[in-house]
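Participant: Next comes upload.txt, compact mmCIF, C-alpha atoms:
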# COMPACT_ATOMS: atom_id res chain seq x y z
CA MET A 1 163.90 122.75 157.44
CA ALA A 2 163.37 119.54 155.51
CA ALA A 3 159.97 118.83 153.98
CA VAL A 4 158.30 115.49 154.75
CA SER A 5 157.40 113.70 151.53
CA PRO A 6 153.66 112.99 151.26
CA PRO A 7 152.37 109.44 150.79
CA PRO A 8 152.52 108.21 147.15
CA GLN A 9 148.79 108.71 146.62
CA GLN A 10 149.11 112.39 147.65
CA GLN A 11 152.03 113.20 145.37
CA GLN A 12 149.84 113.12 142.29
CA SER A 13 148.81 116.63 141.28
CA SER A 14 145.13 117.23 140.63
CA PRO A 15 143.75 117.27 137.05
CA GLN A 16 143.37 121.04 137.45
CA SER A 17 147.07 121.39 138.32
CA ARG A 18 148.14 119.13 135.44
CA GLU A 19 146.02 121.20 133.10
CA HIS A 20 147.88 124.37 133.99
CA HIS A 21 151.44 123.04 134.50
CA GLU A 22 153.54 121.24 131.94
CA PHE A 23 156.37 120.85 134.48
CA PRO A 24 156.39 118.58 137.55
CA LEU A 25 155.41 120.54 140.65
CA PRO A 26 157.56 120.55 143.79
CA ALA A 27 156.14 118.16 146.40
CA ILE A 28 155.12 121.03 148.72
CA LEU A 29 152.54 122.12 146.11
CA THR A 30 151.01 118.66 145.61
CA TYR A 31 149.43 118.24 149.07
CA PRO A 32 145.60 118.14 148.98
CA SER A 33 145.51 121.13 151.34
CA SER A 34 147.72 123.20 149.05
CA THR A 35 146.09 126.00 147.08
CA PRO A 36 146.34 125.26 143.33
CA PRO A 37 149.49 127.10 142.26
CA THR A 38 149.90 129.45 139.33
CA LEU A 39 153.16 129.46 137.38
CA ILE A 40 154.18 133.12 137.18
CA THR A 41 157.51 132.88 135.39
CA GLN A 42 160.20 130.41 134.45
CA GLY A 43 163.89 131.19 134.16
CA ALA A 44 166.93 129.10 133.30
CA GLU A 45 167.48 128.15 136.96
CA ALA A 46 164.15 128.48 138.72
CA ARG A 47 160.38 128.75 138.48
CA LEU A 48 158.17 131.13 140.43
CA TYR A 49 154.68 130.06 141.54
CA LYS A 50 151.92 132.01 143.22
CA THR A 51 150.28 130.02 146.02
CA THR A 52 149.32 130.53 149.68
CA TYR A 53 151.12 130.10 153.01
CA LEU A 54 149.42 128.41 156.00
CA LEU A 55 146.04 130.04 155.27
CA PRO A 56 144.19 130.54 151.97
CA SER A 57 144.08 134.26 152.81
CA ILE A 58 147.88 134.64 152.85
CA PRO A 59 149.22 134.79 149.27
CA SER A 60 152.83 133.79 148.81
CA ALA A 61 155.47 133.26 146.15
CA LEU A 62 157.28 129.94 145.95
CA LYS A 63 160.63 129.91 144.17
CA TYR A 64 161.58 126.42 143.06
CA ARG A 65 164.90 125.27 141.65
CA PRO A 66 164.12 121.95 139.92
CA PRO A 67 166.79 119.23 139.51
CA LYS A 68 169.00 119.71 136.45
CA PRO A 69 169.32 116.35 134.65
CA TRP A 70 172.43 117.47 132.74
CA ARG A 71 174.38 117.98 135.99
CA HIS A 72 175.94 115.31 138.18
CA THR A 73 173.31 114.46 140.82
CA VAL A 74 175.51 115.22 143.84
CA LEU A 75 176.88 118.46 142.34
CA ASP A 76 173.37 119.61 141.39
CA ALA A 77 172.08 118.98 144.93
CA ARG A 78 174.98 120.93 146.45
CA LEU A 79 174.58 123.87 144.08
CA THR A 80 170.83 124.03 144.65
CA ARG A 81 171.24 123.89 148.42
CA HIS A 82 173.93 126.59 148.39
CA ARG A 83 171.99 128.97 146.14
CA ILE A 84 168.69 128.61 147.97
CA LEU A 85 170.33 129.21 151.37
CA ALA A 86 172.44 132.11 150.08
CA GLU A 87 169.38 133.89 148.66
CA ALA A 88 167.35 133.28 151.83
CA ARG A 89 170.15 134.65 154.04
CA ILE A 90 170.50 137.75 151.88
CA LEU A 91 166.75 138.42 151.99
CA ALA A 92 166.70 137.91 155.76
CA LYS A 93 169.61 140.33 156.22
CA CYS A 94 167.94 142.94 154.02
CA ARG A 95 164.68 142.66 155.99
CA ARG A 96 166.52 143.08 159.32
CA GLU A 97 168.26 146.20 158.02
CA GLY A 98 165.11 147.80 156.61
CA VAL A 99 165.79 147.23 152.91
CA PRO A 100 162.49 146.84 151.00
CA VAL A 101 162.49 143.16 149.98
CA PRO A 102 159.98 140.29 150.33
CA ALA A 103 159.88 138.44 153.66
CA VAL A 104 161.02 134.81 153.73
CA TYR A 105 158.34 132.47 155.15
CA ALA A 106 159.94 129.03 154.82
CA VAL A 107 162.90 127.28 153.20
CA ASP A 108 163.58 123.68 152.23
CA GLU A 109 167.05 123.73 150.72
CA ALA A 110 167.09 119.95 150.20
CA ALA A 111 163.89 120.07 148.12
CA GLY A 112 165.07 123.24 146.35
CA TRP A 113 162.33 125.72 147.28
CA MET A 114 161.83 128.93 149.23
CA MET A 115 158.45 130.41 150.23
CA MET A 116 158.29 134.21 150.28
CA GLU A 117 155.87 137.06 150.78
CA TRP A 118 153.77 137.80 147.70
CA VAL A 119 154.36 141.41 146.64
CA ALA A 120 151.21 142.95 145.19
CA GLY A 121 151.44 145.43 142.35
CA ALA A 122 153.24 145.56 139.01
CA PRO A 123 156.93 145.76 138.07
CA ALA A 124 158.28 149.30 137.88
CA ARG A 125 159.11 148.62 134.22
CA VAL A 126 155.41 148.27 133.37
CA GLY A 127 154.41 151.49 135.14
CA ILE A 128 157.25 153.53 133.64
CA ASN A 129 156.61 152.31 130.09
CA GLU A 130 152.88 153.02 130.37
CA TRP A 131 153.62 156.46 131.78
CA LEU A 132 156.05 157.22 128.91
CA LYS A 133 153.48 155.96 126.39
CA ARG A 134 150.81 158.31 127.75
CA ARG A 135 153.31 161.15 127.80
CA LYS A 136 154.13 160.49 124.14
CA GLU A 137 150.45 160.45 123.20
CA ALA A 138 149.90 163.76 125.03
CA GLU A 139 152.83 165.33 123.15
CA GLU A 140 151.49 164.08 119.82
CA ALA A 141 148.06 165.51 120.65
CA LYS A 142 149.74 168.91 121.02
CA GLY A 143 151.30 168.55 117.58
CA HIS A 144 154.76 167.52 118.75
CA GLU A 145 156.68 164.41 117.82
CA GLY A 146 156.37 162.33 121.00
CA ASP A 147 159.70 160.49 120.73
CA ALA A 148 161.52 163.72 119.96
CA VAL A 149 160.77 165.14 123.41
CA PRO A 150 163.04 163.50 126.03
CA VAL A 151 161.94 163.37 129.65
CA THR A 152 164.44 165.43 131.61
CA GLY A 153 162.54 165.98 134.85
CA ASP A 154 162.43 169.74 134.42
CA ARG A 155 158.72 169.99 133.63
CA GLU A 156 155.84 169.89 136.09
CA GLU A 157 154.33 166.80 134.48
CA ASP A 158 157.59 164.91 135.07
CA LYS A 159 157.36 165.08 138.87
CA GLU A 160 155.77 161.62 139.23
CA LEU A 161 158.61 159.93 137.36
CA VAL A 162 161.20 162.00 139.23
CA ALA A 163 159.65 160.89 142.55
CA LEU A 164 159.74 157.23 141.44
CA MET A 165 163.39 157.50 140.39
CA ARG A 166 164.22 158.94 143.78
CA ARG A 167 162.52 155.98 145.46
CA ILE A 168 164.53 153.59 143.29
CA GLY A 169 167.78 155.39 144.12
CA SER A 170 166.97 155.34 147.83
CA ALA A 171 166.13 151.60 147.81
CA VAL A 172 169.34 150.69 145.97
CA GLY A 173 171.37 152.93 148.27
CA ARG A 174 169.95 151.22 151.37
CA MET A 175 170.71 147.81 149.89
CA HIS A 176 174.34 148.75 149.15
CA LYS A 177 174.66 150.31 152.60
CA VAL A 178 174.08 146.91 154.27
CA GLY A 179 176.64 145.18 152.05
CA ILE A 180 174.38 143.51 149.47
CA VAL A 181 174.99 143.62 145.72
CA HIS A 182 171.98 142.52 143.66
CA GLY A 183 173.70 141.33 140.48
CA ASP A 184 170.69 141.84 138.19
CA LEU A 185 169.25 145.29 138.89
CA THR A 186 166.55 146.18 136.37
CA THR A 187 163.16 147.84 136.62
CA SER A 188 161.68 144.37 136.03
CA ASN A 189 163.17 143.30 139.37
CA MET A 190 161.54 146.17 141.26
CA MET A 191 157.89 145.98 142.22
CA LEU A 192 155.61 148.94 142.83
CA ARG A 193 153.70 147.88 145.94
CA PRO A 194 150.50 149.99 146.22
CA TRP A 195 150.29 152.37 149.14
CA GLU A 196 147.67 151.57 151.74
CA LYS A 197 144.50 153.64 151.55
CA GLY A 198 144.78 156.73 153.67
CA ALA A 199 148.39 155.99 154.63
CA GLU A 200 151.18 158.42 153.84
CA PRO A 201 153.89 157.04 151.53
CA SER A 202 156.90 155.90 153.56
CA ASN A 203 159.24 157.96 151.39
CA GLY A 204 157.39 161.23 151.83
CA HIS A 205 156.12 161.48 148.25
CA THR A 206 152.43 162.17 147.96
CA SER A 207 150.23 160.34 145.50
CA GLY A 208 149.15 162.30 142.46
CA GLY A 209 148.38 162.16 138.76
CA ASP A 210 146.94 158.95 137.34
CA GLY A 211 148.62 156.74 139.94
CA LEU A 212 150.65 154.73 137.43
CA LEU A 213 153.88 155.34 139.33
CA ASP A 214 152.45 155.30 142.86
CA GLY A 215 153.73 152.76 145.35
CA ASP A 216 156.76 151.76 147.38
CA ILE A 217 159.69 150.13 145.63
CA VAL A 218 160.31 146.50 146.61
CA ILE A 219 163.43 144.86 145.17
CA ILE A 220 162.93 141.22 144.15
CA ASP A 221 164.83 138.26 142.62
CA PHE A 222 168.08 137.96 144.56
CA GLY A 223 169.16 134.79 142.74
CA LEU A 224 172.40 136.45 141.56
CA ALA A 225 172.95 138.57 144.68
CA SER A 226 175.98 138.40 146.93
CA GLN A 227 177.28 139.95 150.13
CA SER A 228 179.98 142.44 149.21
CA SER A 229 181.38 145.70 150.52
CA SER A 230 183.46 146.29 147.39
CA ASP A 231 182.90 149.70 145.81
CA GLU A 232 183.72 148.14 142.44
CA ASP A 233 180.91 145.57 142.86
CA ARG A 234 178.47 148.29 143.85
CA ALA A 235 179.49 150.38 140.83
CA VAL A 236 178.94 147.43 138.49
CA ASP A 237 175.51 146.94 140.10
CA LEU A 238 174.63 150.56 139.26
CA TYR A 239 176.05 150.20 135.75
CA VAL A 240 173.83 147.17 135.08
CA LEU A 241 170.80 149.20 136.23
CA GLU A 242 171.87 152.20 134.14
CA ARG A 243 172.24 150.15 130.95
CA ALA A 244 168.98 148.30 131.59
CA PHE A 245 167.17 151.61 132.19
CA ALA A 246 168.62 153.14 129.02
CA SER A 247 167.53 150.20 126.86
CA THR A 248 164.07 149.78 128.42
CA HIS A 249 163.15 153.44 129.01
CA SER A 250 165.38 155.29 126.53
CA ARG A 251 163.28 158.49 126.53
CA ALA A 252 163.93 158.97 130.26
CA GLU A 253 167.61 158.02 130.19
CA GLU A 254 168.74 161.50 131.27
CA LEU A 255 166.87 161.11 134.55
CA PHE A 256 169.11 158.27 135.69
CA THR A 257 172.20 160.31 136.51
CA THR A 258 170.44 163.51 137.57
CA VAL A 259 167.83 162.05 139.91
CA LEU A 260 168.82 158.50 140.87
CA ASP A 261 172.38 159.56 141.76
CA SER A 262 171.16 162.28 144.13
CA ALA A 263 168.78 159.94 145.99
CA TYR A 264 171.47 157.25 146.10
CA ARG A 265 173.86 159.77 147.70
CA GLU A 266 171.29 160.63 150.36
CA ALA A 267 170.74 156.97 151.31
CA PHE A 268 174.38 155.83 151.25
CA LYS A 269 177.28 157.80 152.74
CA GLN A 270 179.90 156.03 150.63
CA ALA A 271 178.02 156.92 147.45
CA PRO A 272 180.63 159.46 146.19
CA ILE A 273 183.30 156.72 146.11
CA VAL A 274 180.95 154.28 144.36
CA LEU A 275 179.86 156.89 141.81
CA LYS A 276 183.50 157.68 141.04
CA LYS A 277 184.03 153.96 140.44
CA LEU A 278 180.93 153.99 138.25
CA GLU A 279 182.65 156.48 135.94
CA GLU A 280 185.54 154.01 135.53
CA VAL A 281 183.12 151.17 134.83
CA ARG A 282 181.35 153.32 132.22
CA MET A 283 184.68 154.02 130.50
CA ARG A 284 185.49 150.32 130.36
CA GLY A 285 182.02 149.64 128.99
CA ARG A 286 182.43 152.24 126.21
CA LYS A 287 185.85 150.88 125.33
CA ARG A 288 184.46 147.34 125.13
CA SER A 289 181.62 148.58 122.88
CA MET A 290 184.09 150.31 120.55
CA ILE A 291 186.29 147.23 120.28
CA GLY A 292 183.29 144.97 119.82
Take the structure in the file and give it back as structure tokens.

Facilitator:
Amino acid sequence: MAAVSPPPQQQQSSPQSREHHEFPLPAILTYPSSTPPTLITQGAEARLYKTTYLLPSIPSALKYRPPKPWRHTVLDARLTRHRILAEARILAKCRREGVPVPAVYAVDEAAGWMMMEWVAGAPARVGINEWLKRRKEAEEAKGHEGDAVPVTGDREEDKELVALMRRIGSAVGRMHKVGIVHGDLTTSNMMLRPWEKGAEPSNGHTSGGDGLLDGDIVIIDFGLASQSSSDEDRAVDLYVLERAFASTHSRAEELFTTVLDSAYREAFKQAPIVLKKLEEVRMRGRKRSMIG
């Protein structure tokens, strides 16, 4: 759906917007009725803003791919259009099939933006790192060296992290089951959406502890995603997540294969074939590391 450009006098962003944004805003965010946007993050290809959709009470995320001046104008427009539409179609397919992803509200591929559901909560990376930090402090208080005690999932106090890893494995398995490969699986691209008060978690895990790891997993940022039923592609997807998990949460690295694999198997019938491929991908990765 193509956006109608506002009259020239309406395209000027307010002083408040200019104060908070050093980049030109997409036209959709410059209308007088638009809620002042907040720039959440900027990547090489796109910017993410928090704004509202239709009503001030409906928060939303707007992903904007600005024009790239170093590209040929026609090529840039085609690439932007293709990537915006591809991501929107993948998100729509995931939603139809029950994969936990944000809903798509509106798309203007010509203007380079996509409006999506705003997912409340924090990235899984933040919750896991805070949980590991508190675990380390508790170990040190007992007289142990915190970093010397890896998290294996065998102890009672590990059950929260084990439950979260199972939710991650289940979400990734459901995504692969419908033929989608993410391309950039990390715990930064997984949100922990808080459970509703009084509602049972959809995955069957009860809330407990300090609540740092409570919430449903929602996979975000499908800018590098593709539709693929290749077991090799799925294995590479898992390998990317495994390496990202090992570098970001090294103390809990052992949990990846023992817990995530089991939940992934439960969610995806073809998991044994993919996990066998994963072993081959790991071998190639080790060989590449040795060669340098």

Participant: Please list as number ranges by chain every residue within 7 Å of A:Glu109, counting all atoms listed in the file and excluding residues in the same chain fewer than 3 positions away.

Facilitator: A: 81, 84-85, 112-113

Participant: Please provide the set of residues having any atom within 10 Å of stretch 245-249 of chain A, restricted to all atoms listed in the file, with same-chain residues fewer than 2 positions apart removed, written as JSON, numbers by chain.

Facilitator: {"A": [125, 128, 129, 132, 185, 186, 187, 188, 239, 240, 241, 242, 243, 251, 252, 253, 254, 255, 256]}

Participant: Go through A:Ile217, A:Leu79, A:Val181, A:Ala263 one by one, measure the shortest atom-to-atom distance of each to A:Glu232 using only C-alpha atoms, and give the residue with the smallest value.

Facilitator: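 Among the listed residues, A:Val181 lies closest to A:Glu232.
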
Participant: Go through A:Ile273, A:Met114, A:Leu29, A:Leu260 and flag the residue nearest A:Lys63, using only C-alpha atoms for the distances.

Facilitator: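 Comparing A:Ile273, A:Met114, A:Leu29, A:Leu260 against A:Lys63, the winner is A:Met114.
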
Participant: Have a look at atom CA of A:Ile58 and atom CA of A:Gly183 and let me know their distance in Å, one decimal.

Facilitator: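 Result for atom CA of A:Ile58 versus atom CA of A:Gly183: 29.4 Å, one decimal.
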
Participant: So that I can check the surroundings of A:Gln227, please list as a list in words every protein, DNA and RNA residue that reaches within 9 Å of it, counting only C-alpha atoms and ignoring chain neighbours fewer than 5 positions away.

Facilitator: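 Counting only the stated atoms, we get Ile90, Val178, Gly179, Ile180, Val181 and His182 of chain A.
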
Participant: Go through A:Ala267, A:Val151, A:Met190, A:Leu224 one by one, measure the shortest atom-to-atom distance of each to A:Lys133 using all atoms listed in the file, and give the residue with the smallest value.

Facilitator: A:Val151
